[in-house]
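One file, data_33.cif, is given below (mmCIF, C-alpha atoms, pLDDT in the B column; chains and numbers go by the auth columns).
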```
data_model
#
loop_
_atom_site.group_PDB
_atom_site.id
_atom_site.type_symbol
_atom_site.label_atom_id
_atom_site.label_comp_id
_atom_site.label_asym_id
_atom_site.label_seq_id
_atom_site.Cartn_x
_atom_site.Cartn_y
_atom_site.Cartn_z
_atom_site.B_iso_or_equiv
_atom_site.auth_seq_id
_atom_site.auth_asym_id
ATOM 1 C CA MET A 1 0.000 0.000 0.000 68.00 13 A
ATOM 2 C CA ARG A 2 1.509 3.299 -1.104 90.00 14 A
ATOM 3 C CA ILE A 3 0.083 6.773 -0.796 96.00 15 A
ATOM 4 C CA GLY A 4 2.044 9.711 -2.085 97.00 16 A
ATOM 5 C CA TYR A 5 1.042 13.276 -1.458 97.00 17 A
ATOM 6 C CA VAL A 6 2.041 16.601 -2.856 97.00 18 A
ATOM 7 C CA THR A 7 1.586 20.077 -1.449 94.00 19 A
ATOM 8 C CA LEU A 8 2.252 23.323 -3.251 93.00 20 A
ATOM 9 C CA PRO A 9 1.793 26.716 -1.598 89.00 21 A
ATOM 10 C CA GLY A 10 -0.032 28.743 -4.244 81.00 22 A
ATOM 11 C CA ARG A 11 -3.770 28.662 -4.792 80.00 23 A
ATOM 12 C CA GLY A 12 -4.593 26.108 -7.481 82.00 24 A
ATOM 13 C CA GLU A 13 -0.962 25.035 -8.025 91.00 25 A
ATOM 14 C CA THR A 14 -1.460 21.501 -6.725 93.00 26 A
ATOM 15 C CA ASP A 15 -4.618 21.183 -8.850 91.00 27 A
ATOM 16 C CA ARG A 16 -2.743 22.210 -11.999 92.00 28 A
ATOM 17 C CA LEU A 17 0.188 19.928 -11.197 95.00 29 A
ATOM 18 C CA LEU A 18 -1.974 16.824 -10.687 96.00 30 A
ATOM 19 C CA ALA A 19 -4.156 17.591 -13.724 95.00 31 A
ATOM 20 C CA GLY A 20 -1.073 17.915 -15.927 95.00 32 A
ATOM 21 C CA LEU A 21 0.434 14.715 -14.560 97.00 33 A
ATOM 22 C CA ALA A 22 -2.825 12.811 -15.119 97.00 34 A
ATOM 23 C CA GLN A 23 -2.988 14.053 -18.698 95.00 35 A
ATOM 24 C CA ARG A 24 0.594 12.922 -19.392 96.00 36 A
ATOM 25 C CA LEU A 25 0.072 9.507 -17.781 96.00 37 A
ATOM 26 C CA MET A 26 -3.145 8.878 -19.727 96.00 38 A
ATOM 27 C CA ALA A 27 -1.372 9.908 -22.951 96.00 39 A
ATOM 28 C CA GLN A 28 1.212 7.206 -22.146 95.00 40 A
ATOM 29 C CA GLY A 29 -1.616 4.669 -21.807 95.00 41 A
ATOM 30 C CA LEU A 30 -1.562 4.238 -18.029 96.00 42 A
ATOM 31 C CA PRO A 31 -4.988 3.171 -16.712 96.00 43 A
ATOM 32 C CA LEU A 32 -5.960 5.796 -14.135 96.00 44 A
ATOM 33 C CA ALA A 33 -8.932 6.484 -11.933 97.00 45 A
ATOM 34 C CA GLY A 34 -9.598 9.547 -9.849 97.00 46 A
ATOM 35 C CA ALA A 35 -10.465 13.178 -10.146 97.00 47 A
ATOM 36 C CA VAL A 36 -8.466 16.289 -10.908 96.00 48 A
ATOM 37 C CA GLN A 37 -9.699 19.792 -10.220 90.00 49 A
ATOM 38 C CA HIS A 38 -9.918 22.767 -12.529 84.00 50 A
ATOM 39 C CA ASN A 39 -10.584 26.199 -11.038 75.00 51 A
ATOM 40 C CA LEU A 40 -12.346 28.629 -13.352 65.00 52 A
ATOM 41 C CA ASP A 41 -12.445 32.423 -13.258 61.00 53 A
ATOM 42 C CA CYS A 42 -10.510 32.665 -10.034 54.00 54 A
ATOM 43 C CA GLY A 43 -10.572 36.092 -8.492 56.00 55 A
ATOM 44 C CA ASP A 44 -12.394 36.770 -5.275 57.00 56 A
ATOM 45 C CA SER A 45 -14.201 33.501 -5.887 60.00 57 A
ATOM 46 C CA CYS A 46 -13.987 30.767 -8.439 72.00 58 A
ATOM 47 C CA ASP A 47 -15.911 27.839 -9.804 80.00 59 A
ATOM 48 C CA MET A 48 -14.438 24.450 -8.991 84.00 60 A
ATOM 49 C CA ASP A 49 -14.875 21.589 -11.442 89.00 61 A
ATOM 50 C CA VAL A 50 -13.505 18.075 -11.174 92.00 62 A
ATOM 51 C CA GLN A 51 -12.712 15.929 -14.180 94.00 63 A
ATOM 52 C CA VAL A 52 -13.427 12.281 -13.435 96.00 64 A
ATOM 53 C CA LEU A 53 -10.573 10.138 -14.758 96.00 65 A
ATOM 54 C CA PRO A 54 -10.068 8.668 -17.233 94.00 66 A
ATOM 55 C CA ASP A 55 -13.181 9.317 -19.298 91.00 67 A
ATOM 56 C CA GLY A 56 -15.822 10.601 -16.956 87.00 68 A
ATOM 57 C CA PRO A 57 -17.754 13.782 -16.768 94.00 69 A
ATOM 58 C CA VAL A 58 -16.673 17.187 -15.570 93.00 70 A
ATOM 59 C CA ILE A 59 -18.643 17.918 -12.406 91.00 71 A
ATOM 60 C CA ARG A 60 -19.050 21.357 -10.851 90.00 72 A
ATOM 61 C CA ILE A 61 -18.386 20.892 -7.141 88.00 73 A
ATOM 62 C CA SER A 62 -18.826 24.516 -6.122 82.00 74 A
ATOM 63 C CA GLN A 63 -22.006 26.445 -5.584 76.00 75 A
ATOM 64 C CA THR A 64 -22.712 30.138 -5.930 68.00 76 A
ATOM 65 C CA LEU A 65 -23.680 31.519 -2.537 64.00 77 A
ATOM 66 C CA GLY A 66 -24.025 35.183 -3.434 58.00 78 A
ATOM 67 C CA ALA A 67 -22.264 38.373 -2.485 59.00 79 A
ATOM 68 C CA GLY A 68 -21.181 38.681 1.113 57.00 80 A
ATOM 69 C CA SER A 69 -21.435 34.973 1.825 52.00 81 A
ATOM 70 C CA SER A 70 -18.716 33.503 3.990 49.00 82 A
ATOM 71 C CA GLY A 71 -19.804 29.845 4.076 45.00 83 A
ATOM 72 C CA CYS A 72 -18.193 26.902 2.360 49.00 84 A
ATOM 73 C CA ARG A 73 -18.793 27.001 -1.378 73.00 85 A
ATOM 74 C CA LEU A 74 -18.319 23.256 -1.825 75.00 86 A
ATOM 75 C CA ASP A 75 -21.412 21.461 -3.100 83.00 87 A
ATOM 76 C CA ALA A 76 -21.200 18.314 -0.964 85.00 88 A
ATOM 77 C CA GLY A 77 -23.774 16.467 -3.077 88.00 89 A
ATOM 78 C CA ALA A 78 -21.820 17.140 -6.258 88.00 90 A
ATOM 79 C CA LEU A 79 -18.614 15.972 -4.578 90.00 91 A
ATOM 80 C CA GLU A 80 -20.285 12.728 -3.515 92.00 92 A
ATOM 81 C CA GLY A 81 -21.512 12.303 -7.098 94.00 93 A
ATOM 82 C CA ALA A 82 -17.928 12.653 -8.302 94.00 94 A
ATOM 83 C CA VAL A 83 -16.816 10.032 -5.775 95.00 95 A
ATOM 84 C CA ALA A 84 -19.437 7.620 -7.134 96.00 96 A
ATOM 85 C CA GLU A 85 -18.271 8.263 -10.709 96.00 97 A
ATOM 86 C CA VAL A 86 -14.669 7.539 -9.722 96.00 98 A
ATOM 87 C CA ALA A 87 -15.662 4.386 -7.818 96.00 99 A
ATOM 88 C CA ALA A 88 -17.380 3.074 -10.947 95.00 100 A
ATOM 89 C CA ARG A 89 -14.099 3.447 -12.884 95.00 101 A
ATOM 90 C CA LEU A 90 -11.703 2.085 -10.264 94.00 102 A
ATOM 91 C CA ALA A 91 -11.447 -1.582 -11.326 92.00 103 A
ATOM 92 C CA PRO A 92 -9.063 -1.342 -14.310 92.00 104 A
ATOM 93 C CA ALA A 93 -6.899 1.423 -12.812 95.00 105 A
ATOM 94 C CA ARG A 94 -3.282 1.013 -11.787 96.00 106 A
ATOM 95 C CA LEU A 95 -3.195 4.370 -9.952 96.00 107 A
ATOM 96 C CA LEU A 96 -5.775 6.502 -8.158 97.00 108 A
ATOM 97 C CA ILE A 97 -5.252 10.260 -8.311 98.00 109 A
ATOM 98 C CA VAL A 98 -7.329 12.439 -5.997 97.00 110 A
ATOM 99 C CA ASN A 99 -7.192 16.181 -6.358 94.00 111 A
ATOM 100 C CA LYS A 100 -7.411 16.965 -2.675 93.00 112 A
ATOM 101 C CA PHE A 101 -7.671 15.596 0.822 95.00 113 A
ATOM 102 C CA GLY A 102 -9.962 18.427 1.814 90.00 114 A
ATOM 103 C CA LYS A 103 -12.328 19.349 4.601 89.00 115 A
ATOM 104 C CA HIS A 104 -14.831 16.646 3.686 89.00 116 A
ATOM 105 C CA GLU A 105 -12.150 13.949 3.688 93.00 117 A
ATOM 106 C CA ALA A 106 -10.824 15.287 6.999 93.00 118 A
ATOM 107 C CA GLU A 107 -14.348 14.830 8.400 92.00 119 A
ATOM 108 C CA GLY A 108 -14.631 11.263 7.062 93.00 120 A
ATOM 109 C CA ARG A 109 -16.574 12.009 3.879 93.00 121 A
ATOM 110 C CA GLY A 110 -15.728 12.741 0.252 93.00 122 A
ATOM 111 C CA PHE A 111 -13.033 10.512 -1.234 95.00 123 A
ATOM 112 C CA ARG A 112 -11.839 9.190 2.145 95.00 124 A
ATOM 113 C CA THR A 113 -13.513 5.762 1.995 95.00 125 A
ATOM 114 C CA LEU A 114 -12.576 5.267 -1.650 96.00 126 A
ATOM 115 C CA ILE A 115 -8.943 6.104 -0.874 96.00 127 A
ATOM 116 C CA ALA A 116 -8.936 3.535 1.935 94.00 128 A
ATOM 117 C CA GLU A 117 -10.549 0.905 -0.303 94.00 129 A
ATOM 118 C CA ALA A 118 -8.005 1.529 -3.062 95.00 130 A
ATOM 119 C CA LEU A 119 -5.097 1.209 -0.627 93.00 131 A
ATOM 120 C CA ALA A 120 -6.557 -1.972 0.873 92.00 132 A
ATOM 121 C CA ALA A 121 -6.757 -3.429 -2.647 92.00 133 A
ATOM 122 C CA GLY A 122 -3.088 -2.578 -3.245 92.00 134 A
ATOM 123 C CA LEU A 123 -3.796 0.316 -5.611 94.00 135 A
ATOM 124 C CA PRO A 124 -1.327 3.180 -5.143 95.00 136 A
ATOM 125 C CA VAL A 125 -2.823 6.589 -4.464 97.00 137 A
ATOM 126 C CA LEU A 126 -1.493 10.049 -5.284 98.00 138 A
ATOM 127 C CA ILE A 127 -3.252 12.939 -3.597 97.00 139 A
ATOM 128 C CA GLY A 128 -3.008 16.676 -3.108 96.00 140 A
ATOM 129 C CA VAL A 129 -2.928 17.890 0.496 96.00 141 A
ATOM 130 C CA ASN A 130 -3.104 21.493 1.608 89.00 142 A
ATOM 131 C CA ALA A 131 -1.668 22.877 4.833 89.00 143 A
ATOM 132 C CA THR A 132 -5.118 23.313 6.382 90.00 144 A
ATOM 133 C CA ASN A 133 -5.857 19.578 6.253 93.00 145 A
ATOM 134 C CA ALA A 134 -2.313 18.217 6.628 94.00 146 A
ATOM 135 C CA GLY A 135 -2.874 17.120 10.230 95.00 147 A
ATOM 136 C CA ALA A 136 -6.088 15.274 9.425 96.00 148 A
ATOM 137 C CA PHE A 137 -4.388 13.649 6.444 96.00 149 A
ATOM 138 C CA ALA A 138 -1.470 12.499 8.616 95.00 150 A
ATOM 139 C CA ASP A 139 -3.952 11.025 11.117 95.00 151 A
ATOM 140 C CA PHE A 140 -5.739 9.209 8.273 94.00 152 A
ATOM 141 C CA ALA A 141 -2.729 7.947 6.311 94.00 153 A
ATOM 142 C CA GLY A 142 -0.255 7.433 9.129 91.00 154 A
ATOM 143 C CA ASP A 143 3.075 5.959 8.086 90.00 155 A
ATOM 144 C CA LEU A 144 1.669 4.894 4.699 89.00 156 A
ATOM 145 C CA ALA A 145 1.939 8.462 3.427 94.00 157 A
ATOM 146 C CA GLU A 146 5.054 9.756 1.780 95.00 158 A
ATOM 147 C CA PRO A 147 5.639 13.298 0.569 96.00 159 A
ATOM 148 C CA VAL A 148 6.532 13.552 -3.092 97.00 160 A
ATOM 149 C CA ALA A 149 8.356 16.568 -4.481 96.00 161 A
ATOM 150 C CA PRO A 150 6.582 18.066 -7.500 95.00 162 A
ATOM 151 C CA GLU A 151 9.564 17.418 -9.751 95.00 163 A
ATOM 152 C CA ALA A 152 9.674 13.758 -8.623 96.00 164 A
ATOM 153 C CA LEU A 153 6.039 12.823 -9.312 96.00 165 A
ATOM 154 C CA ALA A 154 6.704 10.891 -12.515 94.00 166 A
ATOM 155 C CA ASP A 155 9.528 8.957 -10.858 96.00 167 A
ATOM 156 C CA TRP A 156 7.319 8.178 -7.833 96.00 168 A
ATOM 157 C CA VAL A 157 4.551 6.867 -10.091 95.00 169 A
ATOM 158 C CA GLN A 158 7.037 4.696 -11.988 95.00 170 A
ATOM 159 C CA SER A 159 8.471 3.274 -8.769 94.00 171 A
ATOM 160 C CA VAL A 160 5.088 2.394 -7.237 93.00 172 A
ATOM 161 C CA LEU A 161 3.921 0.792 -10.476 91.00 173 A
ATOM 162 C CA GLU A 162 7.107 -1.302 -10.675 90.00 174 A
ATOM 163 C CA ALA A 163 6.708 -2.347 -7.048 87.00 175 A
ATOM 164 C CA ALA A 164 3.089 -3.340 -7.639 79.00 176 A
ATOM 165 C CA ALA A 165 3.941 -5.438 -10.716 75.00 177 A
#
```

As structure tokens, the full file:
Amino acid sequence: MRIGYVTLPGRGETDRLLAGLAQRLMAQGLPLAGAVQHNLDCGDSCDMDVQVLPDGPVIRISQTLGAGSSGCRLDAGALEGAVAEVAARLAPARLLIVNKFGKHEAEGRGFRTLIAEALAAGLPVLIGVNATNAGAFADFAGDLAEPVAPEALADWVQSVLEAAA
């Protein structure tokens, strides 16, 4: 069981990094499952979409709350729909990529159960983790988690795939 995680400091940087990696791996023919996030029109607020890998829909996981709102913009129902779409595509995958271990995962929802199921089945997982949820992620993943430098992602993927073969 291997779980690699990556953290970049800038808003949306981890999302872009994982989306680019997923695109390159799929172009090489690697069977993937998961979800990568695309942030649209980022300014004071932005729309968050996830692309279900490898061939699934793009799902908007944010909701518009209106001016002056300070609540969470995540649409929990849409996120759970994305999780179900990923779960339906997990069987042929050799790697699960999850855009983020976020607040919902920290609270036991979102992709958390699917991540655990993938690891239990021996499927390596690569996930983005932000500083806000790093503690909850460490509690969840324990000593299974290993940080992966952004420039070493492709090498990490290659090594976990070789080890799983």

### Message
Neighbouring residues of Ala177 of chain A were defined as those with any atom within 12 Å, considering only C-alpha atoms; residues of the same chain fewer than 2 positions away were excluded. Please report them as JSON, numbers by chain.
### Response
{"A": [106, 134, 135, 136, 170, 171, 172, 173, 174, 175]}

### Query
Do you know which residues are at most 9 Å from segment 82-97 of chain A counting all atoms listed in the file, after dropping those on the same chain fewer than 5 positions away, and could you put them as a ChimeraX atom specification?
/A:46-47,59-60,62-65,68-77,116,121-123,126

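As for atom CA of Ala105 of chain A and atom CA of Ala143 of chain A, they are spaced 28.3 Å apart.
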
#### Entry: Residue among A:Ile15, A:Val137, A:Leu30, A:Ala118 lying closest to Ala153 of chain A, counting all atoms listed in the file
A:Ile15

#### Entry: Gap from atom CA of Glu119 of chain A to atom CA of Ala157 of chain A - Å, one decimal
18.2 Å

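If you measure from each of A:Ala130, A:Ala161, A:Pro66, A:Gly16 to Arg36 of chain A using all atoms listed in the file, the closest one turns out to be A:Pro66.
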
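Proximity of A:Gln35, A:Thr19, A:Thr144, A:Gln49 to Glu158 of chain A, computed with all atoms listed in the file, is greatest for A:Thr19.
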
### Task
Using the chain letters and numbering of this document, enumerate as a VMD selection string the residues selected by the PyMOL selection byres ((chain A and resi 165) around 10).
chain A and resid 16 to 18 29 to 30 33 138 159 to 164 166 to 171
